[in-house]
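Text of the file work.txt, holding compact mmCIF, C-alpha atoms and all ligand atoms:
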# COMPACT_ATOMS: atom_id res chain seq x y z
CA MET A 14 18.26 -22.51 28.47
CA PRO A 15 18.40 -24.52 31.68
CA ASN A 16 21.77 -24.64 33.34
CA THR A 17 22.43 -28.34 33.35
CA GLU A 18 26.09 -28.29 34.34
CA GLU A 19 25.40 -29.29 37.90
CA ASP A 20 23.12 -32.15 36.86
CA ALA A 21 25.63 -33.44 34.35
CA THR A 22 28.35 -33.79 36.96
CA ARG A 23 26.14 -35.39 39.60
CA PRO A 24 26.75 -39.15 39.74
CA TYR A 25 23.71 -41.00 38.63
CA LYS A 26 23.14 -44.11 40.67
CA ARG A 27 20.11 -45.77 39.10
CA GLN A 28 20.65 -49.12 37.44
CA ARG A 29 19.77 -49.17 33.79
CA LEU A 30 17.57 -52.05 32.77
CA ASN A 31 18.56 -54.30 29.84
CA MET A 32 22.02 -52.73 29.72
CA ASP A 33 23.60 -55.53 27.77
CA GLY A 34 20.75 -57.91 26.98
CA GLY A 35 22.34 -60.66 29.10
CA GLY A 36 25.90 -60.09 28.03
CA ALA A 37 26.20 -62.91 25.48
CA GLY A 38 26.41 -62.59 21.71
CA ASP A 39 27.71 -59.00 21.46
CA THR A 40 30.44 -60.10 19.13
CA ASP A 41 29.91 -57.45 16.46
CA GLN A 42 30.82 -54.69 18.94
CA PRO A 43 34.61 -54.50 19.30
CA ALA A 44 35.75 -54.13 22.92
CA GLY A 45 36.94 -50.62 23.80
CA SER A 46 35.26 -49.07 20.75
CA SER A 47 34.20 -45.44 20.84
CA ALA A 48 30.52 -46.48 20.83
CA VAL A 49 30.96 -48.35 24.11
CA ASP A 50 32.90 -45.44 25.60
CA ALA A 51 30.14 -43.05 24.57
CA ALA A 52 27.52 -45.28 26.19
CA ARG A 53 29.51 -45.21 29.42
CA THR A 54 29.95 -41.44 29.54
CA GLU A 55 26.61 -40.24 28.11
CA PRO A 56 23.92 -39.48 30.68
CA GLU A 57 21.15 -42.05 30.76
CA LEU A 58 17.99 -41.56 28.76
CA SER A 59 15.89 -40.67 31.80
CA GLU A 60 18.44 -38.04 32.80
CA ARG A 61 18.34 -36.51 29.33
CA LEU A 62 14.54 -36.62 29.29
CA ARG A 63 14.47 -34.96 32.69
CA LYS A 64 16.36 -31.96 31.31
CA VAL A 65 13.93 -31.64 28.40
CA MET A 66 10.93 -31.66 30.77
CA LEU A 67 12.16 -28.90 33.13
CA CYS A 68 9.96 -25.84 33.61
CA THR A 69 11.58 -23.15 31.45
CA VAL A 70 11.10 -20.57 34.22
CA CYS A 71 12.12 -22.15 37.55
CA LEU A 72 14.15 -25.01 36.00
CA GLU A 73 12.43 -27.52 38.27
CA LEU A 74 10.63 -30.64 37.11
CA PRO A 75 6.90 -29.74 37.13
CA HIS A 76 4.41 -31.93 38.91
CA PRO A 77 3.02 -34.28 36.22
CA ASP A 78 -0.51 -32.89 36.71
CA ASP A 79 0.67 -29.27 36.70
CA SER A 80 2.75 -28.89 33.56
CA TYR A 81 1.54 -26.55 30.83
CA GLN A 82 2.92 -25.62 27.45
CA CYS A 83 2.81 -22.42 25.40
CA THR A 84 1.57 -22.59 21.80
CA LEU A 85 5.14 -23.41 20.71
CA GLY A 86 5.50 -26.22 23.23
CA HIS A 87 7.69 -24.69 25.98
CA ILE A 88 6.96 -26.28 29.32
CA VAL A 89 6.01 -24.13 32.29
CA CYS A 90 4.88 -25.38 35.70
CA GLU A 91 1.59 -24.21 37.15
CA ASP A 92 3.08 -22.01 39.88
CA CYS A 93 5.27 -20.20 37.33
CA VAL A 94 2.29 -19.72 34.95
CA THR A 95 0.28 -18.32 37.85
CA ARG A 96 3.04 -15.86 38.77
CA LEU A 97 3.59 -14.84 35.13
CA LEU A 98 -0.12 -14.13 34.63
CA ALA A 99 -0.50 -12.28 37.94
CA GLU A 100 2.66 -10.20 37.39
CA ALA A 101 1.52 -9.30 33.86
CA ALA A 102 -1.90 -8.23 35.17
CA LEU A 103 -0.29 -6.16 37.92
CA ASN A 104 1.86 -4.39 35.33
CA SER A 105 -1.02 -3.92 32.82
CA ARG A 106 0.64 -5.89 30.09
CA ASP A 107 0.07 -9.15 28.28
CA ALA A 108 1.70 -12.26 29.69
CA GLN A 109 4.35 -13.89 27.51
CA CYS A 110 6.13 -17.22 27.43
CA PRO A 111 9.55 -16.25 28.85
CA HIS A 112 11.22 -18.49 26.30
CA CYS A 113 9.66 -17.51 22.96
CA ARG A 114 7.62 -14.41 23.89
CA THR A 115 4.35 -15.80 22.51
CA HIS A 116 1.23 -14.59 24.28
CA ILE A 117 0.02 -16.82 27.12
CA SER A 118 -3.27 -17.03 28.99
CA TRP A 119 -5.20 -19.82 30.69
CA GLN A 120 -7.16 -20.27 27.45
CA GLU A 121 -4.05 -20.62 25.28
CA LEU A 122 -1.97 -22.82 27.58
CA THR A 123 -2.51 -26.52 27.09
CA LYS A 124 -1.51 -29.67 28.86
CA ASN A 125 0.50 -32.24 26.94
CA LEU A 126 -0.59 -35.75 27.83
CA ALA A 127 2.70 -37.33 26.74
CA VAL A 128 4.70 -34.86 28.83
CA GLY A 129 2.50 -35.54 31.87
CA GLN A 130 2.84 -39.30 31.52
CA THR A 131 6.61 -39.07 31.00
CA LEU A 132 6.94 -36.88 34.10
CA TRP A 133 5.25 -39.55 36.22
CA GLU A 134 7.98 -41.99 35.16
CA LEU A 135 10.97 -39.70 35.63
CA PRO A 136 13.14 -39.50 38.73
CA LYS A 137 13.07 -36.20 40.59
CA ASN A 138 15.52 -35.04 43.22
CA CYS A 139 13.96 -35.17 46.66
CA SER A 140 14.02 -31.57 47.88
CA ASP A 141 15.21 -32.72 51.30
CA CYS A 142 17.77 -35.48 50.74
CA GLU A 143 18.64 -34.97 47.03
CA GLN A 144 18.06 -38.68 46.38
CA GLN A 145 16.47 -39.34 42.98
CA ILE A 146 12.99 -40.78 43.35
CA GLU A 147 10.43 -41.54 40.65
CA TYR A 148 7.64 -38.99 40.76
CA LYS A 149 5.02 -41.63 41.48
CA SER A 150 6.87 -42.63 44.70
CA LEU A 151 7.94 -39.14 45.74
CA ALA A 152 4.90 -38.20 47.85
CA LYS A 153 5.27 -41.36 49.97
CA HIS A 154 9.02 -40.83 50.24
CA LEU A 155 8.60 -37.24 51.49
CA LYS A 156 5.90 -38.21 53.93
CA THR A 157 7.25 -41.38 55.49
CA GLU A 158 10.67 -42.43 54.17
CA CYS A 159 13.01 -39.48 53.70
CA THR A 160 15.54 -39.33 56.54
CA LYS A 161 16.05 -35.59 55.96
CA ARG A 162 12.36 -34.67 56.19
CA LEU A 163 11.42 -32.11 58.80
CA VAL A 164 9.78 -33.65 61.85
CA HIS A 165 8.69 -32.37 65.24
CA CYS A 166 9.63 -33.93 68.54
CA LYS A 167 7.05 -36.55 69.46
CA TYR A 168 6.54 -34.70 72.78
CA ARG A 169 5.43 -31.59 70.90
CA CYS A 170 1.98 -31.88 72.49
CA LEU A 171 3.73 -31.30 75.83
CA GLY A 172 5.26 -28.07 74.57
CA CYS A 173 8.59 -29.19 73.06
CA ILE A 174 9.43 -26.90 70.15
CA TRP A 175 12.29 -29.02 68.73
CA GLN A 176 12.10 -29.73 65.02
CA GLY A 177 14.73 -31.15 62.73
CA CYS A 178 15.74 -34.00 60.43
CA GLN A 179 13.98 -37.29 61.00
CA GLU A 180 17.38 -38.99 61.33
CA ASP A 181 18.21 -36.76 64.33
CA SER A 182 14.85 -37.09 66.07
CA ALA A 183 15.56 -40.31 68.00
CA GLN A 184 18.64 -38.77 69.60
CA HIS A 185 16.71 -35.64 70.60
CA GLU A 186 13.71 -37.57 71.92
CA ALA A 187 15.92 -39.77 74.12
CA SER A 188 17.05 -36.67 75.98
CA CYS A 189 14.05 -34.34 75.46
CA SER A 190 13.63 -32.10 78.50
CA ASN A 191 9.87 -32.72 78.40
CA LEU A 192 10.47 -36.27 79.65
CA GLN A 193 11.25 -34.73 83.05
CA MET A 194 7.88 -32.92 83.37
CA SER A 195 5.76 -33.38 86.46
CA SER A 196 2.14 -34.48 86.05
CA ASP A 197 0.96 -30.94 86.88
CA GLU A 198 3.16 -29.48 84.14
CA ILE A 199 1.82 -32.06 81.68
CA LEU A 200 -1.79 -31.13 82.50
CA THR A 201 -1.04 -27.40 82.03
CA ALA A 202 0.62 -28.09 78.66
CA LEU A 203 -2.35 -30.17 77.51
CA SER A 204 -4.88 -27.52 78.50
CA THR A 205 -2.91 -24.88 76.54
CA ILE A 206 -3.09 -27.13 73.47
CA ASP A 207 -6.83 -27.49 74.07
CA GLN A 208 -7.29 -23.71 74.13
CA LEU A 209 -5.29 -23.25 70.93
CA GLU A 210 -7.44 -25.84 69.18
CA GLN A 211 -10.61 -24.12 70.36
CA MET A 212 -9.30 -20.82 68.97
CA ALA A 213 -8.44 -22.43 65.64
CA VAL A 214 -11.98 -23.71 65.05
CA GLN A 215 -13.60 -20.46 66.18
CA PRO A 216 -13.85 -18.80 62.73
CA LEU A 217 -15.57 -21.90 61.38
CA ARG A 218 -17.96 -22.02 64.34
CA GLN A 219 -18.79 -18.34 63.85
CA CYS A 220 -19.54 -18.84 60.16
CA HIS A 221 -21.59 -21.89 61.00
CA ARG A 222 -23.59 -19.99 63.62
CA GLN A 223 -24.21 -17.18 61.16
CA LEU A 224 -25.93 -19.58 58.79
CA SER A 225 -28.91 -19.38 61.15
CA ALA A 226 -29.09 -15.60 60.80
CA GLN A 227 -32.47 -14.13 59.97
CA ARG A 228 -31.41 -13.13 56.49
CA ILE A 229 -28.54 -14.43 54.42
CA SER A 230 -27.46 -13.47 50.97
CA TYR A 231 -24.53 -14.11 48.73
CA GLU A 232 -23.34 -12.43 45.57
CA ASP A 233 -20.63 -13.48 43.12
CA LEU A 234 -18.68 -10.33 42.47
CA ASP A 235 -16.59 -9.44 39.49
CA LEU A 236 -13.75 -7.19 40.59
CA ARG A 237 -12.63 -4.82 37.91
CA TRP A 238 -8.94 -4.05 37.55
CA PRO A 239 -8.23 -0.35 38.07
CA GLN A 240 -8.15 1.61 34.79
CA HIS A 241 -4.62 2.86 35.28
CA THR A 242 -2.42 0.49 37.13
CA SER A 243 0.53 2.11 38.79
CA ARG A 244 2.74 0.27 41.20
CA LEU A 245 4.35 3.50 42.36
CA ASN A 246 2.10 3.93 45.35
CA ALA A 247 2.39 0.19 46.09
CA GLU A 248 -1.36 -0.13 46.34
CA LEU A 249 -4.11 -1.12 43.91
CA ARG A 250 -7.82 -0.72 44.50
CA PHE A 251 -10.59 -2.71 42.89
CA GLN A 252 -14.31 -2.42 43.28
CA SER A 253 -17.34 -4.43 42.40
CA ALA A 254 -20.41 -3.25 40.56
CA THR A 255 -23.31 -2.17 42.75
CA ILE A 256 -25.20 -5.05 44.33
CA PHE A 257 -28.63 -5.00 45.94
CA VAL A 258 -28.89 -6.90 49.21
CA PHE A 259 -31.39 -6.52 52.10
CA GLU A 260 -33.18 -3.77 50.10
CA GLU A 261 -30.04 -1.63 50.13
CA SER A 262 -27.34 -1.00 47.55
CA TRP A 263 -23.74 -1.90 48.31
CA ARG A 264 -20.33 -2.14 46.78
CA LEU A 265 -17.28 -4.17 47.76
CA ARG A 266 -13.90 -2.51 47.63
CA VAL A 267 -10.70 -4.53 47.60
CA LYS A 268 -7.25 -3.15 48.32
CA LEU A 269 -4.09 -4.91 47.20
CA VAL A 270 -0.93 -3.80 48.98
CA LEU A 271 2.23 -4.64 47.06
CA GLY A 272 4.75 -5.30 49.79
CA ALA A 273 8.42 -6.00 49.18
CA THR A 274 7.99 -9.67 49.96
CA GLU A 275 4.27 -10.34 49.84
CA LEU A 276 0.98 -9.17 48.39
CA ARG A 277 -1.73 -8.43 50.91
CA LEU A 278 -5.43 -8.21 50.11
CA SER A 279 -8.02 -6.54 52.28
CA TYR A 280 -11.65 -5.64 51.69
CA SER A 281 -14.28 -3.22 52.83
CA LEU A 282 -18.05 -3.11 52.44
CA LYS A 283 -19.66 0.19 51.47
CA ILE A 284 -23.36 1.04 51.64
CA LEU A 285 -24.55 3.41 48.91
CA SER A 286 -28.21 3.81 49.85
CA SER A 287 -29.67 5.34 52.97
CA PRO A 288 -30.61 2.56 55.42
CA ARG A 289 -34.00 2.81 57.12
CA GLU A 290 -32.54 1.57 60.38
CA ILE A 291 -29.13 0.74 61.83
CA LEU A 292 -27.93 -2.41 60.15
CA LEU A 293 -25.51 -4.83 61.76
CA VAL A 294 -24.08 -6.80 58.87
CA LYS A 295 -21.76 -9.76 59.23
CA TYR A 296 -19.85 -10.74 56.13
CA PHE A 297 -17.07 -12.88 54.78
CA ALA A 298 -15.68 -13.87 51.38
CA THR A 299 -15.10 -17.21 49.70
CA LEU A 300 -14.30 -18.17 46.11
CA PRO A 301 -17.17 -19.23 43.84
CA ALA A 302 -16.58 -22.85 42.77
CA ILE A 303 -18.13 -22.25 39.37
CA HIS A 304 -15.40 -19.74 38.43
CA VAL A 305 -12.28 -21.18 40.05
CA ARG A 306 -10.28 -24.37 39.76
CA ALA A 307 -10.72 -27.03 42.47
CA LYS A 308 -7.29 -26.21 43.85
CA GLN A 309 -8.41 -22.66 44.63
CA LEU A 310 -11.42 -23.50 46.75
CA MET A 311 -9.53 -23.41 50.04
CA ASP A 312 -7.37 -20.42 49.07
CA VAL A 313 -9.38 -17.99 51.20
CA GLU A 314 -9.53 -18.77 54.92
CA PRO A 315 -12.90 -18.37 56.66
CA GLN A 316 -12.96 -15.21 58.73
CA LEU A 317 -16.10 -13.38 59.77
CA ASN A 318 -16.25 -9.58 59.88
CA GLN A 319 -18.99 -7.28 61.05
CA ALA A 320 -19.89 -3.63 60.71
CA TYR A 321 -22.73 -1.23 61.52
CA PHE A 322 -24.26 0.87 58.75
CA ASN A 323 -26.58 3.80 59.45
CA MET A 324 -25.90 6.37 56.74
CA PRO A 325 -25.30 6.38 52.99
CA GLY A 326 -21.70 6.21 51.77
CA GLN A 327 -20.51 4.56 54.97
CA SER A 328 -17.73 1.98 54.67
CA SER A 329 -16.51 -0.71 56.99
CA ASP A 330 -12.81 -0.75 57.88
CA PHE A 331 -10.57 -2.64 55.47
CA LYS A 332 -10.23 -6.16 56.84
CA LEU A 333 -7.60 -8.63 55.73
CA LEU A 334 -8.73 -11.18 53.17
CA PRO A 335 -6.86 -14.10 54.70
CA MET A 336 -5.21 -16.18 51.98
CA SER A 337 -3.95 -19.67 52.80
CA CYS A 338 -0.48 -19.17 51.25
CA PRO A 339 1.37 -16.62 49.06
CA ILE A 340 0.72 -18.49 45.80
CA ALA A 341 -3.03 -18.36 46.63
CA THR A 342 -2.92 -14.57 46.17
CA TYR A 343 -1.21 -14.98 42.80
CA ARG A 344 -3.83 -17.58 41.81
CA LEU A 345 -6.56 -15.04 42.51
CA LEU A 346 -4.80 -12.27 40.55
CA ALA A 347 -4.02 -14.63 37.64
CA MET A 348 -7.72 -15.28 37.04
CA PRO A 349 -9.05 -13.84 33.77
CA ARG A 350 -11.63 -12.02 35.92
CA ILE A 351 -11.16 -11.77 39.65
CA LYS A 352 -14.20 -13.24 41.37
CA LEU A 353 -15.16 -13.31 45.01
CA ARG A 354 -18.32 -14.67 46.60
CA LEU A 355 -19.46 -12.25 49.28
CA TRP A 356 -21.69 -13.65 52.04
CA MET A 357 -23.77 -11.16 54.02
CA MET A 358 -25.83 -11.90 57.07
CA LEU A 359 -28.36 -9.68 58.85
CA ASN A 360 -29.80 -10.51 62.27
ZN ZN A 401 8.29 -23.37 37.17
ZN ZN A 402 7.15 -20.55 24.43
ZN ZN A 403 14.35 -37.47 50.57
ZN ZN A 404 11.51 -32.74 72.50
Using the file provided, produce a representation of the structure as structure tokens.
Amino acid sequence: MPNTEEDATRPYKRQRLNMDGGGAGDTDQPAGSSAVDAARTEPELSERLRKVMLCTVCLELPHPDDSYQCTLGHIVCEDCVTRLLAEAALNSRDAQCPHCRTHISWQELTKNLAVGQTLWELPKNCSDCEQQIEYKSLAKHLKTECTKRLVHCKYRCLGCIWQGCQEDSAQHEASCSNLQMSSDEILTALSTIDQLEQMAVQPLRQCHRQLSAQRISYEDLDLRWPQHTSRLNAELRFQSATIFVFEESWRLRVKLVLGATELRLSYSLKILSSPREILLVKYFATLPAIHVRAKQLMDVEPQLNQAYFNMPGQSSDFKLLPMSCPIATYRLLAMPRIKLRLWMMLN
């Protein structure tokens, strides 16, 4: 059960609406009665509802659009579901609701409309300032109103690396050392920023350029979980079925390294047939929209790889499959069947 001790002792500052219905005519309620005392000491309805709506795993209030329930009605947030499913798959066992041990899967989990709508109305503690804000106003609060939100110095573009609470930023900016920069120093700082921006868009440009390659092909691959999953060697390998592209047969191999703090995916392309000439193949992976949820579409960062193939059985080096954030890796592993769309280009 959620540990609610801390919440119960926290003073609750919201004003309750219609507390006394105007104050007049409450003559049948004797002053100082136990009912009045109870009303004063009992947490407010929204506070009690909040505790009922907590994710049973992380004990946080789920985002209203991301709350799921097991077949017995226990609430789990989407990130916790994703981790439960991925962890279960990694350990070759069925995923269970941590509360009642019933089997869970994306097919069995449902969303409860009433829970979602209630969550929108409930106050949630701002993760930065601890103030209680209704969910529907929280995004705006975090973005523009919270005085504890993390901000950068406004002279960041000139190279200042200061970051801190919004409420401290004015004091820093008044004395920021970048205010003393000469015009030459400012120009150097701006050109460095320019170069960094150019580098950041490079992978996209490369992919874009490759779309004019002589031959392009893509395949949606189903990656099979290894037959015997063992975490002892801290590495799992998956492979796709054979695919036929550019008149050759290929297979994609994916390696998952189970680090102490993160999971790292990398992939390698293997040619099975004997190529008639040396092939220079450029390739990258995305997620196929038809098999993944909208949220997952940007989970894999665009990064182009290339390799030469001139003999059968040859493999490219394992290249990192760049995931946008750690939960993105879990989202991929929590899929009922792991799918990747492999793009291959031949010039
Ligand atoms: Zn959770
Ligand atoms: Zn349950
Ligand atoms: Zn705040
Ligand atoms: Zn500064």
Close residues, segment 307-315 of chain A itself excluded, 12 Å, only C-alpha atoms, min 4 positions apart in chain, as a ChimeraX atom specification: /A:78-79,91-92,95,213-221,278-279,296-303,333-348,352-356
Report, in Å with one decimal, the straight-line distance from atom CA of Leu192 of chain A to atom CA of Gln208 of chain A. 22.4 Å
Within 7 Å of ligand ZN 401 (chain A), counting all atoms listed in the file: which residues, as a ChimeraX atom specification? /A:68-73,75,89-93
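Shortest atom-to-atom contact with ligand ZN 403 (chain A) among A:Leu317, A:Ala108, A:Leu209, A:Ile146: A:Ile146, counting only C-alpha atoms and all ligand atoms.
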For each of A:Cys142, A:Ile174, A:Val267, A:Ile256, take the minimum atom-to-atom distance to Cys159 of chain A, counting all atoms listed in the file, then give the residue where this is smallest. A:Cys142
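Interatomic distance, atom CA of Thr160 of chain A against atom CA of Asp141 of chain A: 8.4 Å.
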Selection as a PyMOL selection string: residues within 8 Å of ligand ZN 402 (chain A) by all atoms listed in the file: chain A and resi 82-88+109-115
At what distance in Å, to one decimal, does atom CA of Arg306 of chain A lie from atom CA of Trp263 of chain A?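 Rounded to one decimal, the two atoms are 27.6 Å apart.
Distances here use all atoms listed in the file; by that measure, the residue among A:Ile206, A:Val164, A:Leu155, A:Leu126 closest to ligand ZN 404 (chain A) is A:Val164.
In terms of minimum interatomic distance to ligand ZN 403 (chain A), A:Gln144 ranks closest within A:Gln144, A:Ser188, A:Gln130, A:Gln327, counting all atoms listed in the file.
Taking all atoms listed in the file into account, ligand ZN 404 (chain A) lies nearest to A:Ala187 out of the set A:Val94, A:Ala187, A:Leu359, A:Leu62.
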Would you compute an axis-aligned box for segment 329-338 of chain A, covering every atom listed for it in the file with 5 Å of margin on each side, and report centre and edge lengths in Å to one decimal as lines of an AutoDock Vina configuration file?
center_x = -8.5
center_y = -10.2
center_z = 54.6
size_x = 26.0
size_y = 29.0
size_z = 16.6
